[in-house]
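Shown here: data-v4.tsv, TSV, C-alpha atoms.
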chain	number	residue	atom	x	y	z
A	41	MET	CA	-8.13	20.27	-9.78
A	42	ARG	CA	-9.80	21.71	-6.74
A	43	ASN	CA	-13.40	22.75	-6.94
A	44	ASP	CA	-14.17	25.52	-4.46
A	45	LYS	CA	-17.82	24.49	-4.45
A	46	THR	CA	-17.03	21.01	-3.11
A	47	PRO	CA	-18.88	20.72	0.22
A	48	ALA	CA	-16.93	20.40	3.44
A	49	ALA	CA	-17.98	16.76	3.97
A	50	ALA	CA	-16.62	15.87	0.53
A	51	GLU	CA	-13.40	17.75	1.25
A	52	ALA	CA	-13.04	15.82	4.51
A	53	TRP	CA	-13.62	12.53	2.64
A	54	LEU	CA	-11.01	13.48	0.02
A	55	ARG	CA	-8.56	14.57	2.73
A	56	ARG	CA	-8.87	11.14	4.35
A	57	ALA	CA	-8.33	9.50	0.96
A	58	ARG	CA	-5.24	11.65	0.39
A	59	ILE	CA	-3.76	10.71	3.76
A	60	ALA	CA	-4.58	7.03	3.30
A	61	SER	CA	-3.01	6.92	-0.16
A	62	ALA	CA	0.33	8.32	1.01
A	63	SER	CA	2.20	5.27	-0.26
A	64	LEU	CA	1.33	6.05	-3.89
A	65	SER	CA	3.64	8.18	-5.99
A	66	ARG	CA	2.69	11.84	-6.21
A	67	PRO	CA	1.37	11.71	-9.83
A	68	GLN	CA	-0.67	8.57	-9.09
A	69	ARG	CA	-2.14	10.09	-5.96
A	70	ARG	CA	-3.00	13.31	-7.76
A	71	GLU	CA	-4.63	11.35	-10.58
A	72	LEU	CA	-6.63	9.21	-8.15
A	73	LEU	CA	-7.85	12.18	-6.11
A	74	ASP	CA	-8.66	14.21	-9.22
A	75	GLY	CA	-10.83	11.36	-10.46
A	76	LEU	CA	-12.62	11.01	-7.13
A	77	ARG	CA	-13.12	14.77	-6.81
A	78	ALA	CA	-14.55	14.96	-10.32
A	79	HIS	CA	-16.81	11.98	-9.56
A	80	ILE	CA	-18.26	13.69	-6.48
A	81	ALA	CA	-18.70	17.02	-8.29
A	82	ASP	CA	-20.45	15.32	-11.24
A	83	ALA	CA	-22.77	13.39	-8.92
A	84	LEU	CA	-23.71	16.58	-7.07
A	85	ASP	CA	-24.22	18.40	-10.36
A	86	GLY	CA	-26.64	15.65	-11.34
A	87	GLY	CA	-28.67	16.43	-8.21
A	88	GLU	CA	-27.49	13.45	-6.20
A	89	ASP	CA	-27.36	13.68	-2.44
A	90	LEU	CA	-23.79	14.09	-1.11
A	91	GLU	CA	-24.29	11.51	1.61
A	92	LEU	CA	-25.45	8.95	-0.92
A	93	THR	CA	-22.53	9.75	-3.25
A	94	LEU	CA	-20.00	9.25	-0.47
A	95	PHE	CA	-21.77	6.09	0.67
A	96	ARG	CA	-21.57	4.68	-2.84
A	97	LEU	CA	-17.87	5.47	-2.99
A	98	GLY	CA	-17.24	3.66	0.29
A	99	SER	CA	-14.59	4.47	2.87
A	100	PRO	CA	-11.63	6.61	1.73
A	101	GLU	CA	-9.26	4.12	3.38
A	102	GLY	CA	-10.83	1.29	1.38
A	103	VAL	CA	-10.37	3.25	-1.85
A	104	ALA	CA	-6.75	3.99	-0.97
A	105	GLN	CA	-6.08	0.36	-0.17
A	106	GLU	CA	-7.66	-0.72	-3.42
A	107	ALA	CA	-5.43	1.77	-5.23
A	108	GLU	CA	-2.36	0.57	-3.38
A	109	GLU	CA	-3.11	-3.04	-4.30
A	110	SER	CA	-4.00	-2.14	-7.85
A	111	LEU	CA	-1.04	0.15	-8.54
A	112	GLY	CA	1.59	-1.47	-6.37
A	113	GLY	CA	2.19	-4.44	-8.64
A	114	SER	CA	2.19	-3.13	-12.18
A	115	ASN	CA	3.59	0.30	-11.44
A	116	ALA	CA	6.18	-0.48	-8.82
A	117	HIS	CA	8.69	1.62	-10.76
A	118	HIS	CA	6.54	4.71	-10.23
A	119	ARG	CA	6.56	4.33	-6.49
A	120	PRO	CA	8.87	6.64	-4.59
A	121	ASN	CA	12.04	5.11	-3.19
A	122	TRP	CA	11.08	6.19	0.28
A	123	VAL	CA	7.77	6.78	1.97
A	124	TRP	CA	7.44	8.29	5.44
A	125	ASP	CA	6.51	5.43	7.69
A	126	THR	CA	6.19	6.34	11.38
A	127	PRO	CA	6.59	2.82	12.87
A	128	ARG	CA	9.61	2.17	10.71
A	129	ALA	CA	11.13	5.57	11.46
A	130	LEU	CA	10.72	4.95	15.20
A	131	ALA	CA	12.15	1.44	14.91
A	132	VAL	CA	15.18	2.76	13.02
A	133	SER	CA	15.55	5.53	15.63
A	134	ALA	CA	15.52	2.91	18.42
A	135	MET	CA	18.33	1.02	16.76
A	136	ALA	CA	20.27	4.16	15.84
A	137	LEU	CA	20.06	5.43	19.42
A	138	ALA	CA	21.26	2.10	20.81
A	139	VAL	CA	24.22	2.06	18.39
A	140	LEU	CA	24.97	5.71	19.14
A	141	MET	CA	25.01	5.09	22.88
A	142	LEU	CA	27.27	2.11	22.41
A	143	ALA	CA	29.61	4.15	20.20
A	144	LEU	CA	29.60	7.09	22.62
A	145	VAL	CA	30.47	4.89	25.56
A	146	ALA	CA	33.08	3.04	23.54
A	147	LEU	CA	34.79	6.24	22.45
A	148	TRP	CA	34.37	8.10	25.72
A	149	PRO	CA	37.69	8.52	27.51
A	150	THR	CA	37.81	6.28	30.52
A	151	GLY	CA	40.65	5.79	32.90
A	152	ASP	CA	42.03	4.29	36.03
A	153	VAL	CA	43.88	6.10	38.76
A	154	THR	CA	46.86	4.23	40.06
A	155	SER	CA	49.45	5.36	42.63
A	156	THR	CA	53.13	4.98	42.27
A	157	SER	CA	55.46	3.94	45.05
A	158	GLU	CA	56.42	7.63	45.40
A	159	GLY	CA	52.80	8.44	46.18
A	160	SER	CA	51.94	10.34	42.97
A	161	ALA	CA	48.78	9.44	41.05
A	162	ILE	CA	48.87	8.24	37.42
A	163	PHE	CA	45.77	8.51	35.25
A	164	THR	CA	45.71	5.84	32.54
A	165	THR	CA	43.33	6.72	29.72
A	166	ARG	CA	41.66	4.15	27.53
A	167	VAL	CA	39.78	5.26	24.44
A	168	GLY	CA	38.13	3.38	21.58
A	169	PRO	CA	36.79	-0.08	20.85
A	170	MET	CA	39.44	-1.78	22.95
A	171	SER	CA	37.84	-0.32	26.02
A	172	PHE	CA	35.12	-2.98	25.54
A	173	VAL	CA	37.60	-5.38	27.02
A	174	PHE	CA	37.44	-3.53	30.30
A	175	TRP	CA	33.68	-3.25	30.39
A	176	SER	CA	31.71	-5.42	32.63
A	177	GLY	CA	29.11	-7.77	31.14
A	178	GLN	CA	26.48	-5.92	33.16
A	179	PHE	CA	27.12	-2.84	31.06
A	180	LEU	CA	27.81	-4.35	27.68
A	181	LEU	CA	25.22	-7.12	27.49
A	182	PRO	CA	22.09	-4.94	27.83
A	183	MET	CA	23.46	-2.63	25.12
A	184	LEU	CA	24.05	-5.49	22.72
A	185	LEU	CA	20.68	-6.97	23.59
A	186	CYS	CA	19.06	-3.60	22.88
A	187	ILE	CA	20.71	-3.43	19.46
A	188	VAL	CA	19.56	-6.96	18.63
A	189	GLY	CA	15.99	-6.21	19.78
A	190	SER	CA	15.77	-2.97	17.83
A	191	ALA	CA	17.28	-4.70	14.77
A	192	ILE	CA	14.38	-7.19	14.86
A	193	THR	CA	11.87	-4.33	14.72
A	194	VAL	CA	13.74	-2.73	11.81
A	195	VAL	CA	14.26	-5.85	9.72
A	196	VAL	CA	10.76	-7.31	9.91
A	197	ARG	CA	8.11	-6.02	7.55
A	198	ARG	CA	5.15	-4.05	8.82
A	199	ALA	CA	2.78	-7.01	8.51
A	200	ARG	CA	4.78	-8.99	11.04
A	201	LEU	CA	3.33	-7.33	14.11
A	202	LYS	CA	4.33	-10.14	16.47
A	203	TRP	CA	8.01	-9.75	15.50
A	204	THR	CA	7.85	-6.07	16.28
A	205	TYR	CA	6.36	-6.89	19.68
A	206	LEU	CA	9.15	-9.40	20.28
A	207	GLY	CA	11.87	-6.92	19.28
A	208	THR	CA	10.30	-4.21	21.45
A	209	ALA	CA	10.08	-6.60	24.41
A	210	VAL	CA	13.78	-7.40	24.04
A	211	VAL	CA	14.67	-3.69	23.92
A	212	VAL	CA	12.55	-2.92	26.99
A	213	ILE	CA	14.03	-5.84	28.93
A	214	ALA	CA	17.53	-4.66	27.97
A	215	ALA	CA	16.73	-1.10	29.08
A	216	VAL	CA	15.26	-2.29	32.40
A	217	ALA	CA	18.31	-4.51	32.98
A	218	ALA	CA	20.61	-1.58	32.19
A	219	ILE	CA	18.72	0.69	34.63
A	220	THR	CA	19.07	-1.96	37.32
A	221	PHE	CA	22.82	-1.72	36.84
A	222	GLY	CA	22.73	2.08	36.95
A	223	ASN	CA	22.81	2.73	33.21
A	224	ILE	CA	20.01	4.89	31.80
A	225	LEU	CA	21.49	5.26	28.30
A	226	LEU	CA	19.08	2.76	26.78
A	227	LEU	CA	15.92	4.60	27.83
A	228	PRO	CA	15.62	6.65	24.57
A	229	SER	CA	15.92	3.44	22.54
A	230	ALA	CA	13.26	1.73	24.63
A	231	ALA	CA	10.93	4.72	24.25
A	232	ALA	CA	11.39	4.74	20.47
A	233	ALA	CA	10.85	0.97	20.20
A	234	VAL	CA	7.64	1.15	22.28
A	235	GLY	CA	6.49	4.06	20.09
A	236	ALA	CA	7.16	1.97	16.97
A	237	ALA	CA	5.15	-0.96	18.32
A	238	LEU	CA	2.23	1.27	19.38
A	239	SER	CA	2.05	3.13	16.08
A	240	LEU	CA	2.24	-0.16	14.17
A	241	ARG	CA	-0.59	-1.54	16.26
A	242	ALA	CA	-2.66	1.62	15.70
A	243	ARG	CA	-2.16	1.22	11.96
A	244	ALA	CA	-3.16	-2.46	12.09
A	245	VAL	CA	-6.35	-1.53	13.97
A	246	ARG	CA	-7.13	1.22	11.44
A	247	ARG	CA	-6.67	-1.22	8.56
A	248	ALA	CA	-8.80	-3.86	10.24
A	249	HIS	CA	-11.66	-1.38	10.46
A	250	SER	CA	-11.48	-0.27	6.84
A	251	PRO	CA	-13.09	-2.53	4.22
A	252	ARG	CA	-10.65	-4.13	1.78
A	253	SER	CA	-12.88	-3.41	-1.18
A	254	VAL	CA	-15.73	-1.04	-1.58
A	255	ALA	CA	-18.55	-3.26	-2.68
B	205	MET	CA	-2.56	-25.42	-28.73
B	206	LEU	CA	-5.00	-23.08	-27.05
B	207	TRP	CA	-6.21	-25.95	-24.92
B	208	THR	CA	-2.63	-26.56	-23.77
B	209	GLY	CA	-2.31	-22.84	-23.01
B	210	SER	CA	-5.52	-22.79	-20.96
B	211	LYS	CA	-4.46	-25.89	-19.10
B	212	ARG	CA	-1.13	-24.28	-18.33
B	213	CYS	CA	-2.92	-21.14	-17.07
B	214	VAL	CA	-5.12	-23.22	-14.80
B	215	THR	CA	-2.06	-25.09	-13.52
B	216	ILE	CA	-0.24	-21.84	-12.80
B	217	LEU	CA	-3.28	-20.41	-11.00
B	218	ALA	CA	-3.58	-23.57	-8.98
B	219	MET	CA	0.12	-23.47	-8.14
B	220	GLN	CA	-0.22	-19.90	-6.95
B	221	GLY	CA	-3.01	-21.01	-4.66
B	222	THR	CA	-5.59	-18.84	-6.40
B	223	LEU	CA	-8.04	-21.62	-7.05
B	224	ARG	CA	-7.52	-23.12	-3.62
B	225	HIS	CA	-8.81	-19.92	-1.99
B	226	MET	CA	-11.70	-19.34	-4.36
B	227	VAL	CA	-14.69	-20.41	-2.41
B	228	SER	CA	-17.43	-17.84	-2.74
B	229	ASP	CA	-19.13	-16.41	-5.83
B	230	GLU	CA	-17.85	-12.97	-4.91
B	231	LYS	CA	-14.23	-14.11	-4.72
B	232	ILE	CA	-14.35	-15.86	-8.07
B	233	SER	CA	-16.15	-12.94	-9.65
B	234	SER	CA	-13.76	-10.37	-8.16
B	235	SER	CA	-10.71	-12.31	-9.29
B	236	LEU	CA	-11.97	-12.63	-12.86
B	237	ARG	CA	-13.19	-9.04	-13.03
B	238	LYS	CA	-9.81	-7.61	-12.12
B	239	GLY	CA	-8.22	-8.42	-15.44
B	240	LEU	CA	-11.30	-7.89	-17.59
B	241	ALA	CA	-12.50	-4.52	-16.28
B	242	GLU	CA	-9.53	-2.75	-17.85
B	243	PHE	CA	-10.53	-3.87	-21.33
B	244	CYS	CA	-14.18	-3.06	-20.69
B	245	VAL	CA	-13.10	0.50	-19.84
B	246	LEU	CA	-11.10	0.67	-23.07
B	247	ALA	CA	-14.14	-0.64	-24.96
B	248	ILE	CA	-16.37	2.05	-23.43
B	249	LEU	CA	-13.85	4.72	-24.36
B	250	ARG	CA	-13.69	3.52	-27.94
B	251	GLY	CA	-17.23	4.83	-28.26
B	252	GLY	CA	-15.97	8.33	-27.40
B	253	SER	CA	-14.62	10.38	-24.51
B	254	THR	CA	-16.53	10.03	-21.31
B	255	TYR	CA	-16.25	11.05	-17.66
B	256	GLY	CA	-15.65	8.96	-14.56
B	257	LEU	CA	-19.10	9.01	-12.99
B	258	ASP	CA	-20.75	7.84	-16.21
B	259	MET	CA	-18.24	5.03	-16.67
B	260	ALA	CA	-18.38	3.98	-13.02
B	261	ARG	CA	-22.17	3.74	-13.07
B	262	ARG	CA	-22.19	1.74	-16.32
B	263	LEU	CA	-19.52	-0.69	-15.16
B	264	GLU	CA	-21.14	-1.14	-11.76
B	265	ARG	CA	-24.57	-1.69	-13.30
B	266	ASP	CA	-23.10	-4.44	-15.50
B	267	GLY	CA	-21.31	-5.99	-12.52
B	268	LEU	CA	-17.87	-5.35	-14.00
B	269	ILE	CA	-16.53	-3.46	-10.99
B	270	ALA	CA	-17.20	-4.14	-7.33
B	271	GLY	CA	-17.92	-0.49	-6.46
B	272	GLU	CA	-17.81	2.94	-8.07
B	273	SER	CA	-14.59	3.95	-6.39
B	274	THR	CA	-12.71	0.95	-7.77
B	275	LEU	CA	-12.78	2.62	-11.17
B	276	TYR	CA	-10.31	5.34	-10.18
B	277	PRO	CA	-7.35	3.14	-9.20
B	278	LEU	CA	-8.04	1.34	-12.48
B	279	MET	CA	-8.06	4.60	-14.46
B	280	THR	CA	-4.84	5.69	-12.76
B	281	ARG	CA	-3.22	2.42	-13.78
B	282	LEU	CA	-4.45	2.73	-17.36
B	283	GLN	CA	-3.13	6.27	-17.55
B	284	SER	CA	0.23	5.26	-16.09
B	285	ALA	CA	0.41	2.56	-18.75
B	286	GLY	CA	-0.38	5.12	-21.45
B	287	LEU	CA	-3.57	3.37	-22.53
B	288	VAL	CA	-5.87	6.21	-21.55
B	289	GLU	CA	-5.51	9.99	-21.53
B	290	SER	CA	-7.50	12.54	-19.56
B	291	ALA	CA	-8.27	16.21	-19.89
B	292	TRP	CA	-10.42	18.76	-18.11
B	293	MET	CA	-13.09	20.11	-20.43
B	294	SER	CA	-16.16	22.19	-19.99
B	295	SER	CA	-19.31	20.21	-19.22
B	296	PRO	CA	-22.81	21.15	-20.46
B	297	THR	CA	-23.35	22.94	-17.12
B	298	GLY	CA	-20.20	25.02	-17.70
B	299	ARG	CA	-18.25	23.41	-14.87
B	300	PRO	CA	-14.93	21.75	-15.79
B	301	ARG	CA	-15.29	18.00	-16.06
B	302	LYS	CA	-12.58	15.38	-16.36
B	303	TYR	CA	-12.93	13.40	-19.60
B	304	TYR	CA	-11.08	10.21	-20.39
B	305	THR	CA	-10.03	9.30	-23.93
B	306	LEU	CA	-8.58	6.16	-25.47
B	307	SER	CA	-4.95	6.61	-26.56
B	308	PRO	CA	-3.49	4.95	-29.69
B	309	THR	CA	-1.73	2.43	-27.42
B	310	GLY	CA	-5.06	1.76	-25.71
B	311	THR	CA	-6.68	1.12	-29.09
B	312	GLU	CA	-3.94	-1.38	-29.91
B	313	ALA	CA	-4.34	-3.10	-26.54
B	314	LEU	CA	-8.08	-3.36	-27.04
B	315	GLU	CA	-7.65	-4.83	-30.52
B	316	THR	CA	-5.23	-7.41	-29.12
B	317	PHE	CA	-7.71	-8.30	-26.39
B	318	GLU	CA	-10.50	-8.66	-28.92
B	319	ARG	CA	-8.35	-11.07	-30.90
B	320	ILE	CA	-7.39	-13.17	-27.86
B	321	TRP	CA	-10.63	-13.13	-25.89
B	322	PRO	CA	-13.10	-15.10	-28.12
B	323	PRO	CA	-10.94	-18.23	-28.50
B	324	LEU	CA	-10.02	-18.07	-24.82
B	325	ARG	CA	-13.68	-17.71	-23.80
B	326	ASP	CA	-14.64	-20.57	-26.15
B	327	ALA	CA	-11.90	-22.75	-24.71
B	328	VAL	CA	-13.15	-22.12	-21.18
B	329	ASP	CA	-16.76	-22.77	-22.23
B	330	ARG	CA	-15.71	-25.97	-24.02
B	331	THR	CA	-13.74	-27.13	-20.99
B	332	LEU	CA	-16.60	-26.40	-18.63
B	333	GLY	CA	-18.98	-28.16	-21.04
B	334	GLU	CA	-16.73	-31.23	-21.21
B	335	GLU	CA	-16.46	-31.38	-17.43
B	336	THR	CA	-20.25	-31.17	-17.08
B	337	ALA	CA	-20.74	-33.90	-19.72
B	338	ASP	CA	-18.20	-36.13	-17.92
B	339	GLU	CA	-20.07	-35.72	-14.64
B	340	LYS	CA	-23.32	-36.81	-16.31

Written as C-alpha cells, how would this file's structure read?
Amino acid sequence: MRNDKTPAAAEAWLRRARIASASLSRPQRRELLDGLRAHIADALDGGEDLELTLFRLGSPEGVAQEAEESLGGSNAHHRPNWVWDTPRALAVSAMALAVLMLALVALWPTGDVTSTSEGSAIFTTRVGPMSFVFWSGQFLLPMLLCIVGSAITVVVRRARLKWTYLGTAVVVIAAVAAITFGNILLLPSAAAAVGAALSLRARAVRRAHSPRSVA
Amino acid sequence: MLWTGSKRCVTILAMQGTLRHMVSDEKISSSLRKGLAEFCVLAILRGGSTYGLDMARRLERDGLIAGESTLYPLMTRLQSAGLVESAWMSSPTGRPRKYYTLSPTGTEALETFERIWPPLRDAVDRTLGEETADEK
C-alpha cells in the first residue's frame, strides 16, 4: 500500500530496497516493502525524525540481502524460475553470438572456382557442417576458443568472479586472434563477455559496500 | 534420549562448520537468534494483533533481532509459511496501519515450540553446567 504522504527521502529508500530485492518473488517483495513502508509511516506518525528512522532501518541493500538470505532457503519454491540478471544475460549473449557466428559461417555457401581443360569455369559449392573440413585452423580455432571462453562465463555462478574473468579473457584473446587473421565476427561476443565481466564486478563492489546485516 | 538428541545436534552443527566459525559474541548470538526470533514473534502476536514498528522495537530492545529491518524478512517468511496473517486497519490517528495476527497454524507452531523448548534449554544448561564442573 502506497502512502502519498511518505516523504521523498523515504520513497527513495524504498525504491532502492525494491531494486535490491529483485531476486525475491513478487508476493514476497510486495510483503517486504509493505512492511517497511508501514514501519516508516508509523515511526513518522509517532513524531520520529525521518533521518533517524531510516538510519535505524539501515541500508536498503542490507535489508534486501537479509531478506534474500532469510527467504531463499525455506521458500525456494516461491522464487520465480527466472530472474533478470544482467551479467548472466550478457554472458549467455556472448556464447549465443559465438555459436551463431559459427553456425552462419558453417552454413554460408562457399565455393571454389576451377577451370576445365576447355577453359570454362566451374563453381563448386560447399554448404553445411562438412565445410569445416575445408576451413583453416586460423579461422576455426578462435571461434571454438570463443565458445569455450563464453561457456565458462555462463556455467560458473555469479560468486565465482575469477572464473568469469578467465572466460572473458579467453573470449577476448580469441577475438583478437580472429581479427589478426582478418575475421571480425567474434567482436560482438567479445563485447558481450567484457560487458558481463564489468557488470558482475560492479555488482560485487556494490555488495561489498552494503552491510550484510543491519545491526 | 534428549541428551542423545542434543549431542547429535551439536555434532551436526560441528560437521556443517557452524561451530568452527563461531568466534565472536555477535556471531554466536546472531546464529542462535535466527531460529528463536520467529517463535518470539508468534509469542508477541498471541497477546493480540500488533503492528511492525511496535514489534520491531520490542524485539530489538530485548536483543532478539539484530536490527529493526530484520523483522520484515522474518514476517514475510512467517506469512509465506501461513503462521501469521496481516491486514490493513485504521490506526488511532485514522491512517491505515498494517496489523499482524497469529494464524491457527501459528498458534499450533507456538504450542509445539513451547513443548520442545524447556527440555531443550534445560539440556543445554545441564550440559554447560557439566562442562564447567569438569573444568573445575

Among B:Arg250, B:Lys238, B:Arg299, B:Arg330, Leu84 in chain A is approached most closely, using only C-alpha atoms, by B:Arg299

Mind listing as number ranges by chain which residues of chain A are within 10 Å of chain B, counting only C-alpha atoms? A: 41, 43, 67-83, 85-86, 93-94, 96-100, 102-112, 114-115, 118, 253-255

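Minimum atom-to-atom distance to Ile248 in chain B, evaluated using all atoms listed in the file, belongs to B:Arg262 out of B:Glu312, B:Arg325, B:Arg262, B:Gly286.
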
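With CA of Gly222 in chain A on one side and CA of Val139 in chain A on the other, the separation reads 18.6 Å.
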
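Atom to atom, CA of Ala138 in chain A and CA of Ala244 in chain A stand 26.3 Å apart.
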
Hey, can you pull every residue with an atom no more than 12 Å from (-5.3, 1.9, -28.7), using all atoms listed in the file, and send it as a PDB file with C-alpha atoms, in the coordinates of the input?
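selection-v4.pdb, freshly written:
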ATOM      1  CA  PHE B 243     -10.530  -3.870 -21.330  1.00  0.00           C
ATOM      2  CA  VAL B 245     -13.100   0.500 -19.840  1.00  0.00           C
ATOM      3  CA  LEU B 246     -11.100   0.670 -23.070  1.00  0.00           C
ATOM      4  CA  ALA B 247     -14.140  -0.640 -24.960  1.00  0.00           C
ATOM      5  CA  LEU B 249     -13.850   4.720 -24.360  1.00  0.00           C
ATOM      6  CA  ARG B 250     -13.690   3.520 -27.940  1.00  0.00           C
ATOM      7  CA  LEU B 282      -4.450   2.730 -17.360  1.00  0.00           C
ATOM      8  CA  ALA B 285       0.410   2.560 -18.750  1.00  0.00           C
ATOM      9  CA  GLY B 286      -0.380   5.120 -21.450  1.00  0.00           C
ATOM     10  CA  LEU B 287      -3.570   3.370 -22.530  1.00  0.00           C
ATOM     11  CA  VAL B 288      -5.870   6.210 -21.550  1.00  0.00           C
ATOM     12  CA  GLU B 289      -5.510   9.990 -21.530  1.00  0.00           C
ATOM     13  CA  THR B 305     -10.030   9.300 -23.930  1.00  0.00           C
ATOM     14  CA  LEU B 306      -8.580   6.160 -25.470  1.00  0.00           C
ATOM     15  CA  SER B 307      -4.950   6.610 -26.560  1.00  0.00           C
ATOM     16  CA  PRO B 308      -3.490   4.950 -29.690  1.00  0.00           C
ATOM     17  CA  THR B 309      -1.730   2.430 -27.420  1.00  0.00           C
ATOM     18  CA  GLY B 310      -5.060   1.760 -25.710  1.00  0.00           C
ATOM     19  CA  THR B 311      -6.680   1.120 -29.090  1.00  0.00           C
ATOM     20  CA  GLU B 312      -3.940  -1.380 -29.910  1.00  0.00           C
ATOM     21  CA  ALA B 313      -4.340  -3.100 -26.540  1.00  0.00           C
ATOM     22  CA  LEU B 314      -8.080  -3.360 -27.040  1.00  0.00           C
ATOM     23  CA  GLU B 315      -7.650  -4.830 -30.520  1.00  0.00           C
ATOM     24  CA  THR B 316      -5.230  -7.410 -29.120  1.00  0.00           C
ATOM     25  CA  PHE B 317      -7.710  -8.300 -26.390  1.00  0.00           C
ATOM     26  CA  GLU B 318     -10.500  -8.660 -28.920  1.00  0.00           C
TER      27      GLU B 318
END

Which residues are near Asn223 in chain A? Cut-off 12 Å, only C-alpha atoms, ignore same chain within fewer than 2 positions. Put them as a ChimeraX atom specification. /A:141-142,145,178-183,214-221,225-228

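You will find CA of Ala48 in chain A at 18.2 Å from CA of Ala60 in chain A.
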
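If you count all atoms listed in the file and ignore residues fewer than 5 places along the chain from Leu137 in chain A, what sits within 12 Å of it is Ala129, Leu130, Ala131, Val132, Leu142, Ala143, Leu144, Met183, Cys186, Ile187, Ser190, Ala191, Val211, Leu225, Leu226, Leu227, Pro228, Ser229, Ala230, Ala231, Ala232 and Ala233 of chain A.
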
Write the residues you've just listed into a file as a tab-separated table (two decimals), in the frame of the given file, and include C-alpha atoms for each of them.
chain	number	residue	atom	x	y	z
A	129	ALA	CA	11.13	5.57	11.46
A	130	LEU	CA	10.72	4.95	15.20
A	131	ALA	CA	12.15	1.44	14.91
A	132	VAL	CA	15.18	2.76	13.02
A	142	LEU	CA	27.27	2.11	22.41
A	143	ALA	CA	29.61	4.15	20.20
A	144	LEU	CA	29.60	7.09	22.62
A	183	MET	CA	23.46	-2.63	25.12
A	186	CYS	CA	19.06	-3.60	22.88
A	187	ILE	CA	20.71	-3.43	19.46
A	190	SER	CA	15.77	-2.97	17.83
A	191	ALA	CA	17.28	-4.70	14.77
A	211	VAL	CA	14.67	-3.69	23.92
A	225	LEU	CA	21.49	5.26	28.30
A	226	LEU	CA	19.08	2.76	26.78
A	227	LEU	CA	15.92	4.60	27.83
A	228	PRO	CA	15.62	6.65	24.57
A	229	SER	CA	15.92	3.44	22.54
A	230	ALA	CA	13.26	1.73	24.63
A	231	ALA	CA	10.93	4.72	24.25
A	232	ALA	CA	11.39	4.74	20.47
A	233	ALA	CA	10.85	0.97	20.20

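Across B:Ser228, B:Pro322, B:Leu268, B:Thr254, the tightest approach to Met293 in chain B is made by B:Thr254 when counting only C-alpha atoms.
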
Restricting the calculation to all atoms listed in the file: of A:Val195, A:Ala49, A:Leu185, A:Met135, which residue gets closest to Ile213 in chain A? A:Leu185

With all atoms listed in the file as the atoms that count, which of A:Glu101, A:Ala209, A:Ile192, A:Pro127 lies nearest to Ala57 in chain A? A:Glu101
